[in-house]
Amino acid sequence: MNPGGIIIEGLRKTYGQGDTAVEALKDVNMTVGPGEVVGLVGPSGSGKSTLLKCLGAIIEPTAGRMVLGGKVIYDGSWKIPDLRTLRRDSIGFVFQAPYLIPFLDVTDNVALLPMLAGVSNATARARALELLAALDVAHRARAEPSQLSGGEQQRVSIARALANRPPVILADEPTAPLDSERALGVMRILNQMAQQSQTAIIVVTHDEKIIPTFKRIYHIREGRTVEEAGEGRSLEGLA
Amino acid sequence: MISLAGRDILHAWQKFVFTGLGLGLLIGVTLSMAGVYRGMVDDAHALLSNSGADLWVVQKDTQGPYAESSSIRDDLVRSVLGMPGVARAANVTYFTMQVQQGKDEVRAMVVGIEPGQPGGPGYLVAGRHLTRSHYEAVADVKTGFALGDRIRIRRHDYEVVGLTQRMVSSGGDPMVFISLKDAQEAQFLKDNDAILNDRVRTAANPAFNRPGTPGLLDAVQATQTSSHNVNAILVQVQDGLLPEQVAEPIRRWKHLQVFTREGMEDILVAKLIATSAKQIGMFLVILAIVSAAIVAFIIYTMTLGKIREIAVLKLIGTRNRTIAGMILQQALGLGVIGFVVGKLAATLWAPVFPKFVLLQQGDALTGFGVTMLICALASTLAIRAALRVDPAEAIGG
Amino acid sequence: MNISTPMKRRLSLAALAIFLLAALAFVMLRSGPLAPTRVTVSKVQEGTLSPALFGIGTVEARRNWMIGPTVAGRVLSVRVDVGDSVKTGQLLAEMDPVDLEQRLASLDASITRAVSVQAAAAAQQLDAAARRELAAVNFRRNQDLADKNFISAGALEARVQEKVSADAAMQAAQASVLGAGQDLTRLKADRAALLQQRLNVRLLAPADGVVSSRDAEAGSTVVAGQAVLRLLDPGSLWIKLRIDQGRSAGLLPGLKANIVLRSQSQTSLAGRVARVELLSDSVTEERIAQVAFEQMPPAVSVGEMAEVTLQLPATSKAVLVPSASIQRQGGATGVWRIEAGKPVFTPLRLGASSLGGQVQVLEGLKAGDEVVVYSQKALSSESRVQVVDSLVKPAGAGLAP
């Protein structure tokens, strides 16, 4: 067992009871090592969102085992008392839309989570600026989210997900609004960050532009996952 | 940690300031209503303090002279002067009537006083006290009269020789002081038509119009047009004595009622102002409820407008406590802005009111506290809505 | 220095907030209970006062008469009307003499009869005198005879008795003559009385004057004491002036007076105090003085109201304060002075005051002291004060800000 990373065993999620019960997840098994970027692909209604919500400690699974970053977070029941802190410190979220806080400027949007975690304002902002620079949006550091283009906002949201150095990042269709060049750029950054910080990243996507870049892909259909090897196309040399 | 509430306010400051202005005007109205009530009570206190009296001697079984009409003979003051403990005693008359100046009419309380005795104005803001025994007046500035104006009270013209401030009746009408004899005539003497009518009626009465007693009819008609009544006797007790001590022997005559300062305050404030006080109290409650509702509505709407951001914040790991704190701080901030604007507005428009509006600091502090409380309570609705948001909504289906 | 937009916004909002709070603090300190009480002060100077007494009075006639009968009767005729000038002794009215004439006639008849009775008594007296004479002669003769024993003693006694009777008859006759004379006197006196009464029926003017009212017409019945006419002497009009007892110090006959009649309020007339009444009005607490006109004004009516100001002699030099600054504190009269910014009460002893509102200070102040004249509120020794020039706007309503 690797320290860090994501391990999911036999995860099951049933909504409702009795006759109206719906089994969204029947048997999900996934492993993502630290530093790996793994794709999660499947048609709508296959349980992708449910899986993300379980992994993100937003909803409670019905049965199974989840290990995040070396800590068992679920084993039939929650093993972590404060889920919100878990999410804040251990999981980074990247959404389909940037969802930046409109009344905070870009730097503070990124620095918010570290500040909530108790890091001093100056340190948090410094870290935010580093991440923004790495994502090539540092020139927008003092702007308000409404002044940024869609792609810039998306990159800022990625920086936000990375700001608290979580061991795990869950990305839900992060490249959906982007063109192919930008999309590949995002994937490159994700891979870089994964490598640099040894973060385990799951990317839920059906974007054909980036699927070839994954080394491993999990297919999910009707609540079950199947692993398959990906193309692993190189992202080097891309802007 | 940065202040989320502060950032939100800075970001949408126009909305905040305008909302604060609107809330401020509402709070200003509330403070003014409280000020109106305090003003009424202060009017009563001013009336009692400015009269300079320790005791009010009035007609038996009445609660005069301000709350009820009271009429006593004007020579009773000599007997009162002889009672133990009485340092000074003087007749006064009070009568609310229209006073004319040029074409304008002002509603004023005409006070008949003996200059230098209790009942007259203690301090002036212009001019001098009454020196002549007739046809001079000292008026309160609220009447709008100036020094040298000629005013008409009933049958005679008076010259305004002095001005006072804050000399008002318990109803807020400004006072006009004239000599006691003039006031007695103004209050009790009727107009010419009525006098002629009375003379004819008396002459037609055979009991008064006897041929064998010449002079009887004239004497009777003379008593009809003479006035020897006053409304009250104001008494100052000697130093070192309790007013109640001095009042009791006077009351034991059984023909007079005597009130001390506490008794008069009780009558004026508790009885005379009671209905208005209740009205104002109800109005204040309604205003408080309306203010609470408005603040609740505003904060709720503001929160609903941020519902997605709140969901995201919850999702990425912001604690409920932080989110609730943000909403609460915004509500309190709104309250502070509203209160400052309201206090400013109330202070600025208070002098324009026709009656005296007294804005006390204690009331302002209470108002501030109540505003903060209302804002805090009003924010609970929004906080509940915010906390109920499911973070999972941030992740699409 | 480049200020970013959010920073600019922050600064401007902060500035707005500071401005609002400053405005609030300013407003709260300037008005309302925290503000200091505004007062005006003035330096007192020495000077003299021309005090004056003021009162209102009614025009009355000094000499007036009620003309009427001394007994109840009916008015026969009234010869004059209101406004007529009459001379002393002029016939003004007559009462109905009723039965006076008849009673006079009756008395005349009685007198005539009394004269007759008197004559009869005189004749009787003569008769009695003659009888007495005879009786006396008879007695003397019989006496002589008796002495000579020519007649009996009994006869002599009869003569004696005759003489005595005749004497008595004489006396009776003399008495009845006297009686008749007294009766006549009495009747003459009665007649004189009736004549007087008949004179009373004519109402004559007791002095020169003008008829001021006509109270009964011919044919009306009046009782004794009721007036048929009233007369007054138009040259004797004066003003019955009433002055408050408390403010009548210095009221003496001879004071110059300034009179303003109600009907001629634009002109002031000169006058003089002619008399100060010994009896004051204790009910209205007023002293009464009579003020005569120096020159009788042309159109003045009895009963007209007048305002009279009497000039008193000027007082000696003393410190003067305006009456507005005089206050009472704890039973003492005095003024407030400002010392080291705080009000201090100074008790005073006051003297005369003028109608213009200046009061003499006999004790307690020196020339040049500053006293508080006008104040917005009643002062106490703890009040915070602020000295200003004036509390009211000149010639306009309202208070100075």
# chains A, B, ... in the order shown; residues from 1 in each chain; ligands from 1

$ interface_residues --of "chain A" --to "chain B" --cutoff "8 Å" --atoms "only C-alpha atoms" --output "MDAnalysis selection string"
chainID A and resid 49 53 58:59 84:89 91:93 95:96 99:101 103:104 112:113 115:116 118 120:121 172

$ write_last_selection --atoms "C-alpha atoms" --output "CSV table (one decimal), in the first residue's frame"
chain,number,residue,atom,x,y,z
A,49,SER,CA,-21.1,12.3,-9.8
A,53,LYS,CA,-19.4,13.0,-3.9
A,58,ILE,CA,-19.9,15.1,0.6
A,59,ILE,CA,-22.3,12.1,0.8
A,84,ARG,CA,-15.4,19.7,6.4
A,85,THR,CA,-11.9,20.0,7.7
A,86,LEU,CA,-11.0,16.9,5.8
A,87,ARG,CA,-12.2,18.4,2.6
A,88,ARG,CA,-10.5,21.7,3.4
A,89,ASP,CA,-7.1,20.2,4.1
A,91,ILE,CA,-9.1,17.3,-0.9
A,92,GLY,CA,-8.9,19.8,-3.7
A,93,PHE,CA,-11.9,20.4,-5.9
A,95,PHE,CA,-15.4,22.0,-10.9
A,96,GLN,CA,-16.8,22.3,-14.3
A,99,TYR,CA,-17.0,29.1,-9.1
A,100,LEU,CA,-14.7,31.7,-7.8
A,101,ILE,CA,-15.9,33.9,-5.0
A,103,PHE,CA,-16.2,39.5,-3.9
A,104,LEU,CA,-12.6,38.3,-3.3
A,112,LEU,CA,-8.7,31.6,1.2
A,113,LEU,CA,-8.3,27.9,2.0
A,115,MET,CA,-6.1,31.2,5.6
A,116,LEU,CA,-9.1,29.2,6.8
A,118,GLY,CA,-4.8,28.9,10.0
A,120,SER,CA,-1.0,33.6,8.1
A,121,ASN,CA,-2.4,36.0,5.5
A,172,ASP,CA,-15.0,17.3,-12.5

$ residues_around --residues "Ile289 (chain B)" --least-positions-apart "2" --cutoff "12 Å" --atoms "only C-alpha atoms" --output "list in words"
Leu26, Ile27, Thr30, Met282, Phe283, Leu284, Val285, Ile286, Leu287, Ser291, Ala292, Ala293, Ile294, Val295, Ala296, Val370, Thr371, Leu373, Ile374, Cys375, Leu377 and Ala378 of chain B

$ closest_atom_pairs --of "chain A" --to "chain C" --cutoff "10 Å" --atoms "only C-alpha atoms" --output "CSV"
residue,atom,partner,partner_atom,distance
A:Asp105,CA,C:Pro6,CA,9.2
A:Arg142,CA,C:Ser4,CA,8.6
A:Ala143,CA,C:Pro6,CA,9.2
A:Glu144,CA,C:Pro6,CA,9.4

$ write_last_selection --atoms "N, CA and C atoms" --output "PDB file, in the first residue's frame"
ATOM      1  N   ASP A 105     -10.684  39.105  -4.477  1.00  0.00           N
ATOM      2  CA  ASP A 105      -9.871  39.195  -5.683  1.00  0.00           C
ATOM      3  C   ASP A 105      -9.196  37.848  -5.931  1.00  0.00           C
ATOM      4  N   ARG A 142      -4.422  40.816  -8.850  1.00  0.00           N
ATOM      5  CA  ARG A 142      -5.252  41.719  -8.053  1.00  0.00           C
ATOM      6  C   ARG A 142      -6.600  41.982  -8.700  1.00  0.00           C
ATOM      7  N   ALA A 143      -6.876  41.268  -9.802  1.00  0.00           N
ATOM      8  CA  ALA A 143      -8.148  41.528 -10.478  1.00  0.00           C
ATOM      9  C   ALA A 143      -9.269  40.799  -9.765  1.00  0.00           C
ATOM     10  N   GLU A 144     -10.514  41.226 -10.083  1.00  0.00           N
ATOM     11  CA  GLU A 144     -11.672  40.517  -9.577  1.00  0.00           C
ATOM     12  C   GLU A 144     -12.068  39.441 -10.572  1.00  0.00           C
TER      13      GLU A 144
END

$ atom_distance --atom1 "CA of Gly64 (chain A)" --atom2 "CA of Gly10 (chain A)"
4.8 Å

$ residues_around --residues "Val72 (chain A)" --least-positions-apart "3" --cutoff "12 Å" --atoms "only C-alpha atoms" --output "MDAnalysis selection string"
chainID A and resid 3:9 55 57 64:69 75:81 86

$ interface_residues --of "chain B" --to "chain C" --cutoff "9 Å" --atoms "only C-alpha atoms" --output "ChimeraX atom specification"
/B:10-11,13,50,74-75,87,122-134,141-147,162-166,181,211-215,228,238-239,337,340-341,343-344,347-348,358-361

$ atom_distance --atom1 "CA of Glu231 (chain A)" --atom2 "CA of Gly39 (chain A)"
11.2 Å

$ atom_distance --atom1 "CA of Val269 (chain B)" --atom2 "CA of Gly112 (chain B)"
23.7 Å

$ select_by_dssp --residues "region 24-198 of chain A" --states "alpha helix (DSSP H)" --output "VMD selection string"
chain A and resid 48 to 55 83 to 90 106 to 116 121 to 134 150 to 163 180 to 197

$ residues_around --residues "region 251-260 of chain C" --least-positions-apart "6" --cutoff "12 Å" --atoms "only C-alpha atoms" --output "JSON, numbers by chain"
{"C": [51, 52, 53, 54, 55, 56, 57, 58, 59, 238, 239, 240, 241, 242, 243, 244, 245, 266, 267, 268, 269, 270, 271, 272, 273, 274, 275, 276, 277, 278, 286, 287, 288, 289, 290, 291, 292, 293, 294, 295, 296, 297, 300, 304, 305, 306, 307, 308, 309, 310, 311, 312, 313]}

$ residues_around --residues "Arg165 (chain A)" --least-positions-apart "5" --cutoff "12 Å" --atoms "only C-alpha atoms" --output "count of residues only"
27

$ closest_residue --among "A:Ala138, A:Leu52, A:Leu148, A:Val156" --to "Ala171 (chain A)" --atoms "only C-alpha atoms"
A:Leu52

$ select_by_dssp --residues "region 193-228 of chain A" --states "strand (DSSP E or B)" --output "VMD selection string"
chain A and resid 200 to 204 216 to 221 224 to 228

$ closest_residue --among "A:Leu25, A:Val106, A:Ile217, A:His139" --to "Arg125 (chain A)" --atoms "only C-alpha atoms"
A:Val106

$ decode --residues "region 50-145 of chain A" --atoms "C-alpha atoms" --output "PDB file, in the first residue's frame"
ATOM      1  CA  THR A  50     -22.060   9.902  -6.983  1.00  0.00           C
ATOM      2  CA  LEU A  51     -18.559   8.490  -6.876  1.00  0.00           C
ATOM      3  CA  LEU A  52     -17.048  11.977  -6.719  1.00  0.00           C
ATOM      4  CA  LYS A  53     -19.419  12.965  -3.950  1.00  0.00           C
ATOM      5  CA  CYS A  54     -18.505   9.878  -1.953  1.00  0.00           C
ATOM      6  CA  LEU A  55     -14.815  10.464  -2.497  1.00  0.00           C
ATOM      7  CA  GLY A  56     -15.198  14.094  -1.642  1.00  0.00           C
ATOM      8  CA  ALA A  57     -16.853  13.183   1.673  1.00  0.00           C
ATOM      9  CA  ILE A  58     -19.938  15.068   0.586  1.00  0.00           C
ATOM     10  CA  ILE A  59     -22.331  12.119   0.788  1.00  0.00           C
ATOM     11  CA  GLU A  60     -22.066   8.971   2.789  1.00  0.00           C
ATOM     12  CA  PRO A  61     -21.622   5.674   0.913  1.00  0.00           C
ATOM     13  CA  THR A  62     -23.675   2.678   1.847  1.00  0.00           C
ATOM     14  CA  ALA A  63     -20.787   0.244   2.109  1.00  0.00           C
ATOM     15  CA  GLY A  64     -17.163  -0.121   1.154  1.00  0.00           C
ATOM     16  CA  ARG A  65     -13.802   1.308   2.070  1.00  0.00           C
ATOM     17  CA  MET A  66     -12.087   4.546   1.150  1.00  0.00           C
ATOM     18  CA  VAL A  67      -8.517   5.505   1.950  1.00  0.00           C
ATOM     19  CA  LEU A  68      -7.261   8.996   1.129  1.00  0.00           C
ATOM     20  CA  GLY A  69      -3.701  10.096   1.577  1.00  0.00           C
ATOM     21  CA  GLY A  70      -2.914   7.115   3.788  1.00  0.00           C
ATOM     22  CA  LYS A  71      -5.877   7.721   6.115  1.00  0.00           C
ATOM     23  CA  VAL A  72      -8.902   5.479   6.194  1.00  0.00           C
ATOM     24  CA  ILE A  73     -11.752   7.877   5.867  1.00  0.00           C
ATOM     25  CA  TYR A  74     -14.568   5.374   5.396  1.00  0.00           C
ATOM     26  CA  ASP A  75     -14.956   1.783   6.313  1.00  0.00           C
ATOM     27  CA  GLY A  76     -18.622   1.038   6.553  1.00  0.00           C
ATOM     28  CA  SER A  77     -18.997   4.346   8.340  1.00  0.00           C
ATOM     29  CA  TRP A  78     -17.107   7.593   8.480  1.00  0.00           C
ATOM     30  CA  LYS A  79     -13.856   7.233  10.302  1.00  0.00           C
ATOM     31  CA  ILE A  80     -13.102  10.949  10.292  1.00  0.00           C
ATOM     32  CA  PRO A  81     -15.137  13.111  12.682  1.00  0.00           C
ATOM     33  CA  ASP A  82     -14.913  16.482  10.871  1.00  0.00           C
ATOM     34  CA  LEU A  83     -15.567  15.996   7.195  1.00  0.00           C
ATOM     35  CA  ARG A  84     -15.434  19.679   6.391  1.00  0.00           C
ATOM     36  CA  THR A  85     -11.896  20.014   7.681  1.00  0.00           C
ATOM     37  CA  LEU A  86     -11.016  16.873   5.780  1.00  0.00           C
ATOM     38  CA  ARG A  87     -12.242  18.447   2.598  1.00  0.00           C
ATOM     39  CA  ARG A  88     -10.454  21.693   3.358  1.00  0.00           C
ATOM     40  CA  ASP A  89      -7.112  20.175   4.111  1.00  0.00           C
ATOM     41  CA  SER A  90      -7.023  16.898   2.204  1.00  0.00           C
ATOM     42  CA  ILE A  91      -9.106  17.287  -0.936  1.00  0.00           C
ATOM     43  CA  GLY A  92      -8.892  19.834  -3.681  1.00  0.00           C
ATOM     44  CA  PHE A  93     -11.901  20.350  -5.911  1.00  0.00           C
ATOM     45  CA  VAL A  94     -11.921  21.544  -9.451  1.00  0.00           C
ATOM     46  CA  PHE A  95     -15.383  22.032 -10.892  1.00  0.00           C
ATOM     47  CA  GLN A  96     -16.832  22.314 -14.345  1.00  0.00           C
ATOM     48  CA  ALA A  97     -17.236  26.013 -13.802  1.00  0.00           C
ATOM     49  CA  PRO A  98     -14.661  28.058 -11.940  1.00  0.00           C
ATOM     50  CA  TYR A  99     -17.036  29.099  -9.112  1.00  0.00           C
ATOM     51  CA  LEU A 100     -14.694  31.742  -7.842  1.00  0.00           C
ATOM     52  CA  ILE A 101     -15.910  33.911  -4.953  1.00  0.00           C
ATOM     53  CA  PRO A 102     -16.906  37.145  -6.726  1.00  0.00           C
ATOM     54  CA  PHE A 103     -16.181  39.484  -3.862  1.00  0.00           C
ATOM     55  CA  LEU A 104     -12.638  38.288  -3.312  1.00  0.00           C
ATOM     56  CA  ASP A 105      -9.871  39.195  -5.683  1.00  0.00           C
ATOM     57  CA  VAL A 106      -7.968  36.442  -7.494  1.00  0.00           C
ATOM     58  CA  THR A 107      -5.169  36.198  -4.967  1.00  0.00           C
ATOM     59  CA  ASP A 108      -7.545  35.987  -2.016  1.00  0.00           C
ATOM     60  CA  ASN A 109      -9.697  33.433  -3.815  1.00  0.00           C
ATOM     61  CA  VAL A 110      -6.667  31.186  -3.972  1.00  0.00           C
ATOM     62  CA  ALA A 111      -5.360  32.091  -0.538  1.00  0.00           C
ATOM     63  CA  LEU A 112      -8.714  31.571   1.165  1.00  0.00           C
ATOM     64  CA  LEU A 113      -8.340  27.902   2.020  1.00  0.00           C
ATOM     65  CA  PRO A 114      -4.886  28.203   3.577  1.00  0.00           C
ATOM     66  CA  MET A 115      -6.132  31.198   5.557  1.00  0.00           C
ATOM     67  CA  LEU A 116      -9.089  29.155   6.787  1.00  0.00           C
ATOM     68  CA  ALA A 117      -6.633  26.468   7.745  1.00  0.00           C
ATOM     69  CA  GLY A 118      -4.808  28.915   9.963  1.00  0.00           C
ATOM     70  CA  VAL A 119      -1.933  29.959   7.712  1.00  0.00           C
ATOM     71  CA  SER A 120      -0.972  33.627   8.096  1.00  0.00           C
ATOM     72  CA  ASN A 121      -2.352  36.007   5.483  1.00  0.00           C
ATOM     73  CA  ALA A 122       1.064  36.906   4.164  1.00  0.00           C
ATOM     74  CA  THR A 123       2.212  33.311   3.755  1.00  0.00           C
ATOM     75  CA  ALA A 124      -1.092  32.296   2.201  1.00  0.00           C
ATOM     76  CA  ARG A 125      -0.937  35.126  -0.317  1.00  0.00           C
ATOM     77  CA  ALA A 126       2.672  34.357  -1.154  1.00  0.00           C
ATOM     78  CA  ARG A 127       1.774  30.767  -1.811  1.00  0.00           C
ATOM     79  CA  ALA A 128      -1.178  31.889  -3.899  1.00  0.00           C
ATOM     80  CA  LEU A 129       1.027  34.114  -6.032  1.00  0.00           C
ATOM     81  CA  GLU A 130       3.423  31.231  -6.636  1.00  0.00           C
ATOM     82  CA  LEU A 131       0.600  29.014  -7.838  1.00  0.00           C
ATOM     83  CA  LEU A 132      -0.870  31.765  -9.992  1.00  0.00           C
ATOM     84  CA  ALA A 133       2.532  32.308 -11.569  1.00  0.00           C
ATOM     85  CA  ALA A 134       2.888  28.632 -12.248  1.00  0.00           C
ATOM     86  CA  LEU A 135      -0.515  28.698 -13.933  1.00  0.00           C
ATOM     87  CA  ASP A 136       0.425  31.770 -15.892  1.00  0.00           C
ATOM     88  CA  VAL A 137      -2.255  34.056 -14.440  1.00  0.00           C
ATOM     89  CA  ALA A 138      -0.060  35.985 -12.028  1.00  0.00           C
ATOM     90  CA  HIS A 139      -0.637  39.154 -14.033  1.00  0.00           C
ATOM     91  CA  ARG A 140      -4.255  38.992 -12.904  1.00  0.00           C
ATOM     92  CA  ALA A 141      -3.410  38.624  -9.254  1.00  0.00           C
ATOM     93  CA  ARG A 142      -5.252  41.719  -8.053  1.00  0.00           C
ATOM     94  CA  ALA A 143      -8.148  41.528 -10.478  1.00  0.00           C
ATOM     95  CA  GLU A 144     -11.672  40.517  -9.577  1.00  0.00           C
ATOM     96  CA  PRO A 145     -12.955  37.234 -10.975  1.00  0.00           C
TER      97      PRO A 145
END
